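Asker: Take this structure, written in structure tokens, and hold onto it; I'll ask about it next.
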Protein chains: 2
Amino acid sequence: MPKIKADAMRALTRDVFHAAGLPRDAAEQVAKLMVLSNVRGHDSHGVRQIPRYLQRIRDKDILTDVKIVVEKETPTTAILNAGNTFGHLGAARAMELAIAKARQMKIAAVVVHALNHIGRVGGYPEMAAAEGLIGLCFVSSHSGEKSQTAFGGIDNRMGTNPISAGFPFPGANPVLLDFASSVVAANKIRQALDRKKPAGPGWIIDRAGNPVDDPQMFIDGKALLLPVGGNQGHKGYGLAVMNEILSGILSGSGTNATVSGGKFDNVVFMIAIDPLAFVTRAYYDREVKAFIEYLRASKVRPGDPPVQVPGDYETHVQEIVEAQGIEIEQPVWDSIVKAAQSVGVAVPQPIPAR
Amino acid sequence: MPKIKADAMRALTRDVFHAAGLPRDAAEQVAKLMVLSNVRGHDSHGVRQIPRYLQRIRDKDILTDVKIVVEKETPTTAILNAGNTFGHLGAARAMELAIAKARQMKIAAVVVHALNHIGRVGGYPEMAAAEGLIGLCFVSSHSGEKSQTAFGGIDNRMGTNPISAGFPFPGANPVLLDFASSVVAANKIRQALDRKKPAGPGWIIDRAGNPVDDPQMFIDGKALLLPVGGNQGHKGYGLAVMNEILSGILSGSGTNATVSGGKFDNVVFMIAIDPLAFVTRAYYDREVKAFIEYLRASKVRPGDPPVQVPGDYETHVQEIVEAQGIEIEQPVWDSIVKAAQSVGVAVPQPIPAR
């Protein structure tokens with residue numbers, strides 16, 4: 001598989017979207033967040049999306065004219081309208097505003113709508129954590145991607161409605177939760193297809209409610225994701241419902257019950273919390289380090305790998321990618337090359353195989 | 001099995017704890033919350049706990065001298081110290097304060113520590129929802145009940161660390177999430193034992209990491225709960241970690257890594273949010289009703305029951321209990337009778353069987 005240096009991939013991504021009409025600084029921010037998805041181990045949400053986003057720009061689903069406005073505001077809350085530009089830009093702006101408000105008021109909530117796909121959700125709580133704050137994101141996707149059933153149901157009711165939380169960790173990447181309320185994220189199934197692998201057991205059902213494992217059926221809308229939890233799937237379903245109310249209703253953009261039309265639309269409710277409203281930085285740092293070490297010290301079965309903590313996977317992949325570049329499946333790389341050429345952007349050479 | 005009217009059960013519970021030294025108004029509040037657990041379908045967290053709590057009073061783990069103090073406060077945040085009285089009293093006070101602050105400031109976070117068992121977590125977000133606000137609770141339990149493994153681990157690291165969220169619903173009970181981050185709550189296993197049933201598949205492992213189903217092994221500390229999610233158990237584990245940081249560290253009382261000793265201690269981080277900071281009440285009501293109706297309208301397999309929404313189970317049981325009384329297993333009822341007699345409180349007659 002081709003490997004590309006992260007810096008080169010960032011420049012390529014920026015240049016493609018800039019060539020497609022996005023202002024250069026906005027293109028830079030989108031590129032940074034997209035490539036960070038690959039760097040932090042979520043290829044499904046990274047540069048493989050370049051051709052898809054470019055098509056959305058051409059379809060006028062993603063607008064390159066960046067107009068993000070505050071529709072309503074208090075010292076601790078805000079509603080942002082991202083004007084249908086890149087979801088990454090709207091979500092980042094919302095988290096920046098939540099961070100600024102939480103610095104003043106200790107806790108703040110910002111909701112943002114009229115977004116496209118925001119990519120890897122974990123990127124936004126990471127912004128809060130980098131500033132010493134705790135960040136929480138509750139996401140839903142409106143229409144166009146109702147890929148998840150209700151618990152006990154067999155038709156599509158909601159998106160994969162992910163949740164993410166980031167906690168500052170002294171001297172290292174944050175403790176980071178980032179997961180879909182469905183068994184897996186939809187893009188994990190697209191990735192399985194690219195890698196010619198089946199969908200995992202318990203991931204999807206067909207429209208009669210039978211378990212299936214062909215990822216193509218999901219792509220074709222003939223299979224649906226289940227909420228995480230198996231026979232305790234009311235838990236994943238509960239998280240999906242929570243995310244949909246917080247983001248869809250509090251943003252004033254509605255839920256999948258009331259929004260129609262095929263356009264994909266993420267909606268995000270974010271909370272930023274200043275831990276210093278509660279404890280000192282020294283105490284927080286000492287306690288979070290002790291807790292994480294304690295989890296890592298878990299006993300495991302003979303031969304099993306050590307226990308990980310939320311965010312370890314991301315840091316592990318980051319070390320590999322920083323040393324070796326981003327590995328991209330050949331068909332995905334071919335589609336990125338084709339997309340870049342379609343807007344006249346030169347493509348970097350993959351790193352020669354050793 | 002004996003059946004007791006909810007009113008009679010509330011009076012009995014109040015009288016027992018009042019006789020054991022708790023002031024009458026505090027005993028009334030504890031009784032109300034405990035019986036509400038039974039009324040809303042969570043017998044595991046209800047009156048079956050009377051003998052256990054009474055023993056804790058005798059052991060001076062639960063103090064009947066109610067001194068709940070604000071240790072630190074801003075307009076949007078507070079830390080409460082519940083002085084080791086009943087967890088129900090501390091958690092209720094914390095949510096009341098979060099509600100009052102959110103009314104003023106739109107969003108507020110209150111953390112409470114030096115608590116005992118708070119009972120059914122869902123009771124606290126319900127308080128916010130009854131006032132038209134959204135309530136979120138993130139709970140961890142310190143020492144004395146480290147019944148859950150880390151994902152991939154085989155020893156006890158955390159409690160069942162539940163999460164709960166309540167959303168106002170016009171003219172009816174709130175939309176309510178209330179679940180452990182482990183596959184099930186610990187009390188569900190105690191209940192299985194009372195009902196002479198095995199623990200469910202995938203609930204517990206022995207200390208060598210093998211799946212087991214004997215609830216007695218869990219009671220004896222020879223088996224541990226797994227995080228919810230099966231092979232996606234990093235999701236339940238992630239929620240458990242989030243709850244432990246938010247409640248344990250932000251309360252200044254530490255996590256299971258740093259708190260030692262056998263005393264059971266719940267810690268709770270609560271957020272209250274005023275939806276009117278974002279949208280109008282009319283809009284919120286209309287959208288939440290449409291969303292819930294839409295979920296209920298899910299297609300199901302022929303012969304399957306209709307899809308439920310979070311909180312339906314609680315409302316369903318409430319209707320049955322209000323008509324028929326609270327059904328209590330004979331050994332549990334016997335233990336309650338014995339506890340009541342030990343403090344000189346008369347016991348109501350069960351409802352005669354029809």
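Ligands are numbered from 1 in the order shown, chains are lettered A, B, ... in the order of the structure tokens, and residues start at 1 in each chain.
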Give me, as a PyMOL selection string, the contact residues of chain B against chain A at a cut-off of 6 Å, counting only C-alpha atoms.
Answerer: chain B and resi 152-155+177+228-229+238+250+257+278+291+294+298-300+307
Asker: Could you please write out, as a PyMOL selection string, every residue of range 86-294 of chain B that DSSP assigns to strand (DSSP E)?
Answerer: chain B and resi 107-113+134-142+148-149+156-158+163-167+175-179+204-206+211-212+223-225+265-273
Asker: Restricting it to C-alpha atoms, dump the selection as a JSON list (two decimals), in the first residue's frame.
Answerer:
[["chain", "number", "residue", "atom", "x", "y", "z"],
["B", 107, "ILE", "CA", -25.88, 25.55, 32.47],
["B", 108, "ALA", "CA", -24.31, 24.45, 35.75],
["B", 109, "ALA", "CA", -22.22, 21.59, 37.11],
["B", 110, "VAL", "CA", -22.26, 20.37, 40.70],
["B", 111, "VAL", "CA", -20.18, 17.54, 42.11],
["B", 112, "VAL", "CA", -20.89, 15.86, 45.43],
["B", 113, "HIS", "CA", -18.73, 13.55, 47.51],
["B", 134, "ILE", "CA", -32.13, 18.61, 31.14],
["B", 135, "GLY", "CA", -30.17, 16.72, 33.80],
["B", 136, "LEU", "CA", -27.05, 14.60, 33.34],
["B", 137, "CYS", "CA", -25.41, 12.45, 36.04],
["B", 138, "PHE", "CA", -21.99, 10.82, 35.88],
["B", 139, "VAL", "CA", -21.40, 8.48, 38.80],
["B", 140, "SER", "CA", -18.50, 6.48, 40.19],
["B", 141, "SER", "CA", -18.14, 4.37, 43.29],
["B", 142, "HIS", "CA", -14.99, 4.42, 45.32],
["B", 148, "GLN", "CA", -15.87, -3.94, 37.14],
["B", 149, "THR", "CA", -12.79, -4.82, 35.09],
["B", 156, "ASN", "CA", -11.39, -5.23, 39.67],
["B", 157, "ARG", "CA", -10.58, -1.62, 38.81],
["B", 158, "MET", "CA", -13.79, 0.43, 39.02],
["B", 163, "ILE", "CA", -24.59, 7.36, 33.60],
["B", 164, "SER", "CA", -28.04, 8.91, 33.50],
["B", 165, "ALA", "CA", -29.75, 11.66, 31.52],
["B", 166, "GLY", "CA", -33.26, 13.03, 31.81],
["B", 167, "PHE", "CA", -35.09, 15.14, 29.23],
["B", 175, "VAL", "CA", -37.17, 10.60, 28.46],
["B", 176, "LEU", "CA", -34.73, 8.87, 30.76],
["B", 177, "LEU", "CA", -31.43, 7.06, 30.25],
["B", 178, "ASP", "CA", -30.13, 5.29, 33.33],
["B", 179, "PHE", "CA", -27.59, 2.54, 32.95],
["B", 204, "ILE", "CA", -19.30, -11.77, 34.61],
["B", 205, "ILE", "CA", -15.91, -13.51, 34.50],
["B", 206, "ASP", "CA", -13.99, -15.33, 37.21],
["B", 211, "PRO", "CA", -16.99, -16.52, 31.63],
["B", 212, "VAL", "CA", -19.15, -17.70, 34.56],
["B", 223, "ALA", "CA", -16.33, -12.94, 39.76],
["B", 224, "LEU", "CA", -16.30, -9.49, 38.17],
["B", 225, "LEU", "CA", -18.51, -7.49, 35.84],
["B", 265, "ASP", "CA", -18.77, 5.76, 48.52],
["B", 266, "ASN", "CA", -20.66, 7.03, 45.47],
["B", 267, "VAL", "CA", -19.43, 10.26, 43.91],
["B", 268, "VAL", "CA", -21.60, 12.16, 41.42],
["B", 269, "PHE", "CA", -20.95, 14.85, 38.83],
["B", 270, "MET", "CA", -24.16, 16.51, 37.66],
["B", 271, "ILE", "CA", -24.94, 18.93, 34.88],
["B", 272, "ALA", "CA", -28.22, 20.83, 34.51],
["B", 273, "ILE", "CA", -29.00, 22.59, 31.23]]
Asker: Need the shell around range 321-335 of chain B: protein/DNA/RNA residues with any atom at most 8 Å away, counting only C-alpha atoms. Skip same-chain ones fewer than 4 positions apart. Format as a list in words?
Answerer: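 Contacts, with the query itself left out: Met1, Pro2, Lys3, Ile4, Lys5, Ala6, Asn38, Val39, Arg48, Pro51, Asp194, Arg195, Val317, Ala339 and Ile351 of chain B.
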Asker: Rounded to one decimal, what separation in Å do you get between CA of Thr13 in chain B and CA of Gly344 in chain B?
Answerer: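 Straight-line distance from CA of Thr13 in chain B to CA of Gly344 in chain B works out to 12.6 Å.
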Asker: Counting only C-alpha atoms, which residue out of A:Arg93, A:Arg24, A:Arg103, A:His88 sits closest to Tyr53 in chain A?
Answerer: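 Comparing A:Arg93, A:Arg24, A:Arg103, A:His88 against Tyr53 in chain A, the winner is A:His88.
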Asker: Report, in Å with one decimal, the straight-line distance from CA of Asp43 in chain A to CA of Lys67 in chain A.
Answerer: 28.3 Å
Asker: Tell me, in Å to one decimal, how far CA of Phe17 in chain A is from CA of Gly119 in chain A.
Answerer: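 Taking CA of Phe17 in chain A and CA of Gly119 in chain A, their separation equals 15.1 Å.
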Asker: In terms of the shortest atom-to-atom distance over only C-alpha atoms, which of A:Gln49, A:Thr85, A:Thr315, A:Ser182 is closest to Ala31 in chain A?
Answerer: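 For Ala31 in chain A, the nearest of the candidates is A:Gln49.
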Asker: Based on the backbone DSSP call, show me all residues of range 30-270 of chain B assigned helix (DSSP H, G or I), as a short mmCIF file (atom, residue, chain, number, x, y, z; two decimals) with N, CA, C and O atoms, in the first residue's frame.
Answerer:
data_model
loop_
_atom_site.label_atom_id
_atom_site.label_comp_id
_atom_site.auth_asym_id
_atom_site.auth_seq_id
_atom_site.Cartn_x
_atom_site.Cartn_y
_atom_site.Cartn_z
N VAL B 30 -35.46 10.25 51.81
CA VAL B 30 -34.82 8.97 51.47
C VAL B 30 -35.88 7.94 51.09
O VAL B 30 -35.75 7.23 50.08
N ALA B 31 -36.95 7.88 51.88
CA ALA B 31 -38.02 6.91 51.62
C ALA B 31 -38.66 7.15 50.26
O ALA B 31 -38.93 6.21 49.50
N LYS B 32 -38.87 8.42 49.96
CA LYS B 32 -39.50 8.79 48.69
C LYS B 32 -38.65 8.30 47.51
O LYS B 32 -39.15 7.69 46.56
N LEU B 33 -37.35 8.56 47.59
CA LEU B 33 -36.45 8.17 46.50
C LEU B 33 -36.29 6.65 46.42
O LEU B 33 -36.26 6.07 45.33
N MET B 34 -36.20 5.99 47.58
CA MET B 34 -36.04 4.53 47.57
C MET B 34 -37.27 3.84 46.99
O MET B 34 -37.15 2.94 46.16
N VAL B 35 -38.44 4.26 47.44
CA VAL B 35 -39.67 3.61 46.96
C VAL B 35 -39.90 3.95 45.49
O VAL B 35 -40.39 3.12 44.71
N LEU B 36 -39.48 5.15 45.08
CA LEU B 36 -39.58 5.51 43.66
C LEU B 36 -38.78 4.54 42.78
O LEU B 36 -39.14 4.28 41.64
N SER B 37 -37.69 4.01 43.32
CA SER B 37 -36.93 3.01 42.57
C SER B 37 -37.78 1.80 42.26
O SER B 37 -37.77 1.27 41.15
N ASN B 38 -38.55 1.35 43.27
CA ASN B 38 -39.44 0.21 43.03
C ASN B 38 -40.57 0.60 42.08
O ASN B 38 -40.90 -0.15 41.15
N VAL B 39 -41.14 1.77 42.32
CA VAL B 39 -42.27 2.22 41.51
C VAL B 39 -41.86 2.33 40.04
O VAL B 39 -42.62 2.00 39.13
N ASP B 43 -36.25 -2.48 41.25
CA ASP B 43 -36.33 -3.09 42.58
C ASP B 43 -34.95 -3.28 43.20
O ASP B 43 -34.79 -3.22 44.42
N SER B 44 -33.97 -3.52 42.32
CA SER B 44 -32.61 -3.77 42.80
C SER B 44 -32.08 -2.60 43.62
O SER B 44 -31.22 -2.77 44.48
N HIS B 45 -32.57 -1.38 43.36
CA HIS B 45 -32.08 -0.19 44.05
C HIS B 45 -33.11 0.36 45.04
O HIS B 45 -32.93 1.44 45.57
N VAL B 47 -36.41 -0.79 48.04
CA VAL B 47 -36.57 -1.09 49.47
C VAL B 47 -35.81 -2.33 49.92
O VAL B 47 -35.62 -2.53 51.12
N ARG B 48 -35.38 -3.15 48.97
CA ARG B 48 -34.56 -4.30 49.36
C ARG B 48 -33.28 -3.83 50.06
O ARG B 48 -32.61 -4.61 50.74
N GLN B 49 -32.92 -2.57 49.89
CA GLN B 49 -31.71 -2.04 50.50
C GLN B 49 -31.91 -1.62 51.96
O GLN B 49 -30.93 -1.25 52.63
N ILE B 50 -33.16 -1.65 52.46
CA ILE B 50 -33.41 -1.18 53.83
C ILE B 50 -32.50 -1.87 54.86
O ILE B 50 -31.81 -1.19 55.64
N PRO B 51 -32.44 -3.21 54.86
CA PRO B 51 -31.59 -3.86 55.88
C PRO B 51 -30.12 -3.48 55.73
O PRO B 51 -29.42 -3.28 56.73
N ARG B 52 -29.67 -3.38 54.47
CA ARG B 52 -28.27 -3.05 54.19
C ARG B 52 -27.94 -1.63 54.71
O ARG B 52 -26.91 -1.40 55.33
N TYR B 53 -28.83 -0.69 54.39
CA TYR B 53 -28.60 0.69 54.84
C TYR B 53 -28.65 0.79 56.36
O TYR B 53 -27.88 1.53 56.98
N LEU B 54 -29.58 0.03 56.97
CA LEU B 54 -29.70 0.07 58.43
C LEU B 54 -28.41 -0.44 59.07
O LEU B 54 -27.91 0.13 60.06
N GLN B 55 -27.86 -1.49 58.48
CA GLN B 55 -26.58 -2.01 58.98
C GLN B 55 -25.48 -0.95 58.84
O GLN B 55 -24.65 -0.79 59.73
N ARG B 56 -25.53 -0.24 57.71
CA ARG B 56 -24.49 0.80 57.51
C ARG B 56 -24.63 1.94 58.52
O ARG B 56 -23.64 2.55 58.91
N ILE B 57 -25.87 2.22 58.90
CA ILE B 57 -26.06 3.22 59.96
C ILE B 57 -25.42 2.71 61.26
O ILE B 57 -24.69 3.43 61.93
N ARG B 58 -25.69 1.44 61.56
CA ARG B 58 -25.12 0.85 62.80
C ARG B 58 -23.60 0.82 62.75
O ARG B 58 -22.93 0.98 63.78
N GLY B 87 -26.57 8.78 50.73
CA GLY B 87 -26.23 9.27 49.39
C GLY B 87 -27.41 9.95 48.71
O GLY B 87 -27.24 10.93 47.98
N HIS B 88 -28.62 9.43 48.96
CA HIS B 88 -29.83 10.01 48.36
C HIS B 88 -29.96 11.49 48.71
O HIS B 88 -30.37 12.30 47.88
N LEU B 89 -29.63 11.83 49.96
CA LEU B 89 -29.79 13.22 50.42
C LEU B 89 -28.75 14.13 49.75
O LEU B 89 -29.06 15.23 49.31
N GLY B 90 -27.52 13.65 49.67
CA GLY B 90 -26.46 14.45 49.06
C GLY B 90 -26.68 14.63 47.57
O GLY B 90 -26.51 15.74 47.04
N ALA B 91 -27.09 13.56 46.89
CA ALA B 91 -27.29 13.64 45.45
C ALA B 91 -28.48 14.55 45.12
O ALA B 91 -28.43 15.35 44.18
N ALA B 92 -29.54 14.45 45.93
CA ALA B 92 -30.71 15.30 45.69
C ALA B 92 -30.36 16.77 45.91
O ALA B 92 -30.74 17.65 45.13
N ARG B 93 -29.58 17.05 46.98
CA ARG B 93 -29.17 18.43 47.25
C ARG B 93 -28.32 18.97 46.10
O ARG B 93 -28.46 20.12 45.68
N ALA B 94 -27.43 18.11 45.58
CA ALA B 94 -26.56 18.53 44.48
C ALA B 94 -27.38 18.86 43.23
O ALA B 94 -27.14 19.87 42.56
N MET B 95 -28.37 18.02 42.93
CA MET B 95 -29.17 18.32 41.75
C MET B 95 -30.03 19.56 41.96
O MET B 95 -30.19 20.36 41.05
N GLU B 96 -30.55 19.74 43.17
CA GLU B 96 -31.31 20.97 43.45
C GLU B 96 -30.45 22.22 43.21
O GLU B 96 -30.91 23.21 42.65
N LEU B 97 -29.19 22.15 43.65
CA LEU B 97 -28.29 23.29 43.47
C LEU B 97 -27.96 23.49 41.98
O LEU B 97 -27.94 24.63 41.49
N ALA B 98 -27.74 22.40 41.26
CA ALA B 98 -27.46 22.50 39.82
C ALA B 98 -28.65 23.12 39.09
O ALA B 98 -28.49 23.96 38.20
N ILE B 99 -29.85 22.71 39.49
CA ILE B 99 -31.07 23.26 38.88
C ILE B 99 -31.17 24.77 39.15
O ILE B 99 -31.42 25.57 38.24
N ALA B 100 -30.94 25.16 40.39
CA ALA B 100 -31.04 26.59 40.75
C ALA B 100 -30.01 27.41 39.96
O ALA B 100 -30.32 28.49 39.45
N LYS B 101 -28.80 26.90 39.85
CA LYS B 101 -27.75 27.62 39.12
C LYS B 101 -28.05 27.66 37.62
O LYS B 101 -27.81 28.68 36.96
N ALA B 102 -28.56 26.55 37.08
CA ALA B 102 -28.86 26.52 35.64
C ALA B 102 -30.02 27.45 35.29
O ALA B 102 -30.08 28.00 34.19
N ARG B 103 -30.95 27.64 36.22
CA ARG B 103 -32.04 28.60 36.00
C ARG B 103 -31.47 30.00 35.79
O ARG B 103 -31.95 30.77 34.97
N GLN B 104 -30.44 30.33 36.55
CA GLN B 104 -29.80 31.65 36.45
C GLN B 104 -28.84 31.72 35.27
O GLN B 104 -28.81 32.70 34.54
N MET B 105 -28.00 30.68 35.14
CA MET B 105 -26.83 30.75 34.26
C MET B 105 -26.93 29.87 33.02
O MET B 105 -26.00 29.75 32.27
N GLY B 123 -33.23 8.90 39.36
CA GLY B 123 -34.07 9.77 40.17
C GLY B 123 -33.62 11.23 40.16
O GLY B 123 -34.44 12.13 40.36
N TYR B 124 -32.33 11.47 39.91
CA TYR B 124 -31.81 12.84 39.99
C TYR B 124 -32.01 13.62 38.68
O TYR B 124 -32.53 14.74 38.72
N PRO B 125 -31.65 13.05 37.52
CA PRO B 125 -32.04 13.73 36.27
C PRO B 125 -33.55 13.94 36.18
O PRO B 125 -34.01 14.93 35.61
N GLU B 126 -34.34 13.03 36.75
CA GLU B 126 -35.80 13.21 36.76
C GLU B 126 -36.19 14.50 37.50
O GLU B 126 -37.18 15.15 37.15
N MET B 127 -35.42 14.84 38.54
CA MET B 127 -35.70 16.09 39.26
C MET B 127 -35.53 17.29 38.34
O MET B 127 -36.34 18.23 38.36
N ALA B 128 -34.45 17.27 37.53
CA ALA B 128 -34.22 18.37 36.59
C ALA B 128 -35.32 18.41 35.55
O ALA B 128 -35.87 19.48 35.24
N ALA B 129 -35.65 17.24 35.02
CA ALA B 129 -36.67 17.19 33.96
C ALA B 129 -38.02 17.68 34.46
O ALA B 129 -38.76 18.36 33.74
N ALA B 130 -38.33 17.39 35.74
CA ALA B 130 -39.60 17.84 36.32
C ALA B 130 -39.66 19.36 36.39
O ALA B 130 -40.73 19.96 36.44
N ALA B 186 -24.57 -3.95 39.53
CA ALA B 186 -24.24 -5.00 40.51
C ALA B 186 -25.50 -5.54 41.19
O ALA B 186 -25.62 -6.74 41.44
N ASN B 187 -26.45 -4.64 41.47
CA ASN B 187 -27.65 -5.09 42.16
C ASN B 187 -28.53 -6.01 41.31
O ASN B 187 -29.34 -6.75 41.85
N LYS B 188 -28.34 -5.97 39.99
CA LYS B 188 -29.08 -6.91 39.13
C LYS B 188 -28.57 -8.34 39.37
O LYS B 188 -29.31 -9.30 39.19
N ILE B 189 -27.31 -8.44 39.76
CA ILE B 189 -26.77 -9.78 40.04
C ILE B 189 -27.24 -10.26 41.41
O ILE B 189 -27.61 -11.42 41.58
N ARG B 190 -27.29 -9.34 42.39
CA ARG B 190 -27.85 -9.70 43.70
C ARG B 190 -29.29 -10.16 43.53
O ARG B 190 -29.75 -11.11 44.15
N GLN B 191 -30.03 -9.47 42.66
CA GLN B 191 -31.42 -9.82 42.42
C GLN B 191 -31.55 -11.19 41.75
O GLN B 191 -32.44 -11.97 42.08
N ALA B 192 -30.64 -11.48 40.81
CA ALA B 192 -30.64 -12.80 40.16
C ALA B 192 -30.49 -13.89 41.22
O ALA B 192 -31.18 -14.91 41.19
N LEU B 193 -29.59 -13.63 42.18
CA LEU B 193 -29.36 -14.60 43.25
C LEU B 193 -30.64 -14.82 44.05
O LEU B 193 -31.05 -15.96 44.30
N ASP B 194 -31.31 -13.72 44.44
CA ASP B 194 -32.56 -13.83 45.20
C ASP B 194 -33.61 -14.59 44.43
O ASP B 194 -34.44 -15.29 45.00
N PRO B 215 -24.27 -16.21 40.21
CA PRO B 215 -24.28 -14.90 40.87
C PRO B 215 -23.60 -14.93 42.24
O PRO B 215 -23.08 -13.90 42.69
N GLN B 216 -23.60 -16.11 42.89
CA GLN B 216 -22.96 -16.21 44.21
C GLN B 216 -21.47 -15.89 44.11
O GLN B 216 -20.89 -15.31 45.03
N MET B 217 -20.85 -16.28 42.99
CA MET B 217 -19.42 -16.01 42.82
C MET B 217 -19.16 -14.50 42.82
O MET B 217 -18.16 -14.03 43.34
N PHE B 218 -20.09 -13.75 42.22
CA PHE B 218 -19.95 -12.29 42.21
C PHE B 218 -20.07 -11.74 43.63
O PHE B 218 -19.26 -10.91 44.06
N ILE B 219 -21.09 -12.23 44.37
CA ILE B 219 -21.30 -11.77 45.74
C ILE B 219 -20.06 -12.06 46.60
O ILE B 219 -19.66 -11.26 47.44
N GLY B 230 -19.45 -6.09 24.84
CA GLY B 230 -18.86 -7.31 24.30
C GLY B 230 -17.48 -7.02 23.71
O GLY B 230 -16.64 -6.43 24.39
N ASN B 231 -17.27 -7.40 22.42
CA ASN B 231 -15.96 -7.12 21.82
C ASN B 231 -15.77 -5.63 21.52
O ASN B 231 -14.68 -5.22 21.10
N GLN B 232 -16.79 -4.83 21.72
CA GLN B 232 -16.68 -3.37 21.65
C GLN B 232 -16.73 -2.79 23.07
O GLN B 232 -17.21 -1.66 23.29
N HIS B 234 -14.65 -1.50 24.84
CA HIS B 234 -13.93 -0.24 25.09
C HIS B 234 -14.93 0.91 25.24
O HIS B 234 -14.59 1.94 25.82
N LYS B 235 -16.16 0.72 24.75
CA LYS B 235 -17.15 1.80 24.85
C LYS B 235 -17.68 1.91 26.29
O LYS B 235 -17.70 3.00 26.86
N GLY B 236 -18.10 0.77 26.86
CA GLY B 236 -18.53 0.79 28.27
C GLY B 236 -17.39 1.24 29.17
O GLY B 236 -17.58 2.04 30.10
N TYR B 237 -16.21 0.70 28.89
CA TYR B 237 -15.01 1.06 29.66
C TYR B 237 -14.74 2.58 29.56
O TYR B 237 -14.45 3.24 30.56
N GLY B 238 -14.89 3.11 28.37
CA GLY B 238 -14.69 4.56 28.18
C GLY B 238 -15.65 5.37 29.03
O GLY B 238 -15.26 6.35 29.66
N LEU B 239 -16.92 4.96 29.07
CA LEU B 239 -17.90 5.67 29.90
C LEU B 239 -17.50 5.58 31.38
O LEU B 239 -17.59 6.56 32.12
N ALA B 240 -17.04 4.39 31.80
CA ALA B 240 -16.64 4.21 33.20
C ALA B 240 -15.48 5.15 33.55
O ALA B 240 -15.47 5.77 34.62
N VAL B 241 -14.51 5.26 32.64
CA VAL B 241 -13.36 6.14 32.87
C VAL B 241 -13.80 7.60 32.94
O VAL B 241 -13.40 8.36 33.82
N MET B 242 -14.67 7.99 32.00
CA MET B 242 -15.20 9.37 32.00
C MET B 242 -15.87 9.70 33.33
O MET B 242 -15.60 10.74 33.94
N ASN B 243 -16.74 8.79 33.78
CA ASN B 243 -17.47 9.04 35.02
C ASN B 243 -16.53 9.16 36.21
O ASN B 243 -16.74 9.98 37.11
N GLU B 244 -15.50 8.32 36.22
CA GLU B 244 -14.57 8.31 37.36
C GLU B 244 -13.76 9.62 37.42
O GLU B 244 -13.54 10.17 38.50
N ILE B 245 -13.34 10.12 36.25
CA ILE B 245 -12.58 11.39 36.25
C ILE B 245 -13.49 12.54 36.65
O ILE B 245 -13.15 13.36 37.51
N LEU B 246 -14.68 12.61 36.02
CA LEU B 246 -15.58 13.74 36.30
C LEU B 246 -15.99 13.78 37.77
O LEU B 246 -15.94 14.84 38.41
N SER B 247 -16.38 12.64 38.31
CA SER B 247 -16.91 12.65 39.67
C SER B 247 -15.79 12.53 40.71
O SER B 247 -15.78 13.27 41.69
N GLY B 248 -14.87 11.62 40.50
CA GLY B 248 -13.85 11.38 41.52
C GLY B 248 -12.82 12.49 41.60
O GLY B 248 -12.54 13.02 42.68
N ILE B 249 -12.28 12.86 40.44
CA ILE B 249 -11.20 13.86 40.46
C ILE B 249 -11.77 15.26 40.67
O ILE B 249 -11.25 16.02 41.49
#
Asker: Check the smallest atom-to-atom distance from each of B:Leu226, B:Ala282, B:Ala199, B:Ala172 to Glu314 in chain B using only C-alpha atoms, then report the winner.
Answerer: B:Ala172
